[in-house]
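J.: Structure incoming, see below.
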Amino acid sequence: MPCHSATHMDAFQALLLGIVQGITEWLPISSSGHLAITQELLGMDASENLVFDLAVHMGTLLAVCAFFRKELGRIVLAMLRLGDKGEEAKGLRTLGGLILLGTIPVAIVGFTLSDRAEDLFSLPLVGAALLVNAAILLTAERMAKPQQRKTVHVKDAIIAGALQAVSIIPGISRSGSTISGGMFSGLEKEAAATFAFLLSVPALLGAFSYGLLTLDRYDVEMSTLVLGAAAAFVTGFVSIGYLLKAVRARKLWVFSAYCAVVGTAVLALTL
């Protein structure tokens, strides 16, 4: 495993990349795709900044945990208290089980592609994936109906989980694909969004843990990591609330249009 570092990153770059990560991790426009584009514009080599990438991903993970702290706390407590036979506890345990079920596809794909992840970061692929992401978002919004289920079923977890695995491709949004997956399978749009955010927690935690264990050295500026992670946390927290409002207002088409424009521009400039 090669050694990676982020020693050449200055404070401005760390702040900018942290903000980009925080905004694009939760808005359905692909954080990995935008980080690749931003690092290219800054003249940076993405493979040189893997430790920093882990730090900003931890920032966005903490953001979603803070935003949904009540829901996550109730699920974890219910899963730990197996003796509680109440209906609410059973429902929360079922939801926790469905979150774990939906995490299996991304765990398999992520582990399988771990040694070839850098091969996915080509700008033409990012551009094409952004166009696919635009189509997914627009289709989901067109298919959404006001009177749909609010309770997550097994098929919702499987479909959202499969699309979360696809979002490993830079340019395919994790939040956008999992929200769309829930809507495709018949979940009410706000329920689909909430489940998508909860589903992201074990995936992000697993990716962070795996990345931390497989890097050889951590010879980086701690101040750079803290600055990037803090920026990702703050902007990520705000972005989650904004996306939930956009989903309620049926505004996913705005993000679809944005991805279509950026994806087309990236392809035009790199092919």
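By order in the structure tokens, chains are A, B, ...; within a chain, residues start at 1; ligands start at 1, following the order shown.
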Residues at most 12 Å from region 61-77 of chain A, counting only C-alpha atoms, excluding those fewer than 5 positions away in the same chain, as a PyMOL selection string?
T.: chain A and resi 21-23+25-26+54-56+82-84+88-100+175+193-209+229-242+244
J.: Tell me, in Å to one decimal, how far CA of Gly171 (chain A) is from CA of Ala260 (chain A).
T.: 10.9 Å
J.: Give me the residues within 12 Å of Val262 (chain A) as a PyMOL selection string, counting only C-alpha atoms and dropping any in the same chain fewer than 2 places off.
T.: chain A and resi 29-30+33-34+37+123-124+126-134+171+255-260+264-269
J.: Which residues, written as a count of residues only, have at least one atom at most 10 Å from Lys145 (chain A), with only C-alpha atoms counted and residues fewer than 4 positions away on the same chain left out?
T.: 8
J.: Pick out each residue of region 141-212 of chain A that DSSP on the backbone tags as helix (DSSP H, G or I); I need them as a PyMOL selection string.
T.: chain A and resi 141-143+154-166+174-184+189-212
J.: My list of candidates is A:Val20, A:Met9, A:Leu27, A:Ile136. Which is closest to Lys245 (chain A) when distances are computed with only C-alpha atoms?
T.: A:Leu27
J.: Can you tell me, as number ranges by chain, what residues are no more than 9 Å from Leu101 (chain A) when counting only C-alpha atoms, ignoring any on the same chain fewer than 4 positions away?
T.: A: 96-97, 105, 154, 157-158, 161
J.: Give me a file of those residues, with N, CA and C atoms, as a tab-separated table (two decimals), in the first residue's frame.
T.:
chain	number	residue	atom	x	y	z
A	96	GLY	N	-33.55	-0.49	12.23
A	96	GLY	CA	-32.10	-0.69	12.35
A	96	GLY	C	-31.62	-1.87	11.51
A	97	GLY	N	-32.40	-2.95	11.52
A	97	GLY	CA	-32.05	-4.11	10.70
A	97	GLY	C	-32.08	-3.79	9.22
A	105	PRO	N	-24.80	-4.09	0.22
A	105	PRO	CA	-24.29	-3.91	-1.16
A	105	PRO	C	-23.08	-2.99	-1.25
A	154	VAL	N	-38.56	-4.09	3.38
A	154	VAL	CA	-37.33	-4.75	2.94
A	154	VAL	C	-36.94	-4.33	1.53
A	157	ALA	N	-35.10	-1.04	1.41
A	157	ALA	CA	-33.70	-1.15	1.86
A	157	ALA	C	-32.82	-1.75	0.77
A	158	ILE	N	-33.35	-2.75	0.07
A	158	ILE	CA	-32.57	-3.42	-0.98
A	158	ILE	C	-32.31	-2.47	-2.15
A	161	GLY	N	-30.15	0.46	-1.01
A	161	GLY	CA	-28.82	-0.07	-0.76
A	161	GLY	C	-28.05	-0.34	-2.04
J.: Using only C-alpha atoms, pick whichever of A:Val51, A:Ala144, A:Leu243, A:Ile104 has the shortest atom-to-atom distance to Ala14 (chain A).
T.: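 When distances to Ala14 (chain A) are compared using only C-alpha atoms, the smallest one comes from A:Val51.
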J.: With only C-alpha atoms as the atoms that count, which of A:Ser180, A:Ser173, A:Thr103, A:Thr151 lies nearest to Leu138 (chain A)?
T.: A:Ser180
J.: What is the distance, in Å and to one decimal place, between CA of Pro170 (chain A) and CA of Ser32 (chain A)?
T.: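 CA of Pro170 (chain A) sits 4.9 Å away from CA of Ser32 (chain A).
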J.: Can you tell me, as a ChimeraX atom specification, what residues are no more than 6 Å from Gly182 (chain A) when counting only C-alpha atoms, ignoring any on the same chain fewer than 6 positions away?
T.: /A:156,160,192
J.: What does the distance between CA of Leu212 (chain A) and CA of His57 (chain A) come to in Å, to one decimal place?
T.: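 Separation of CA of Leu212 (chain A) and CA of His57 (chain A): 11.5 Å.
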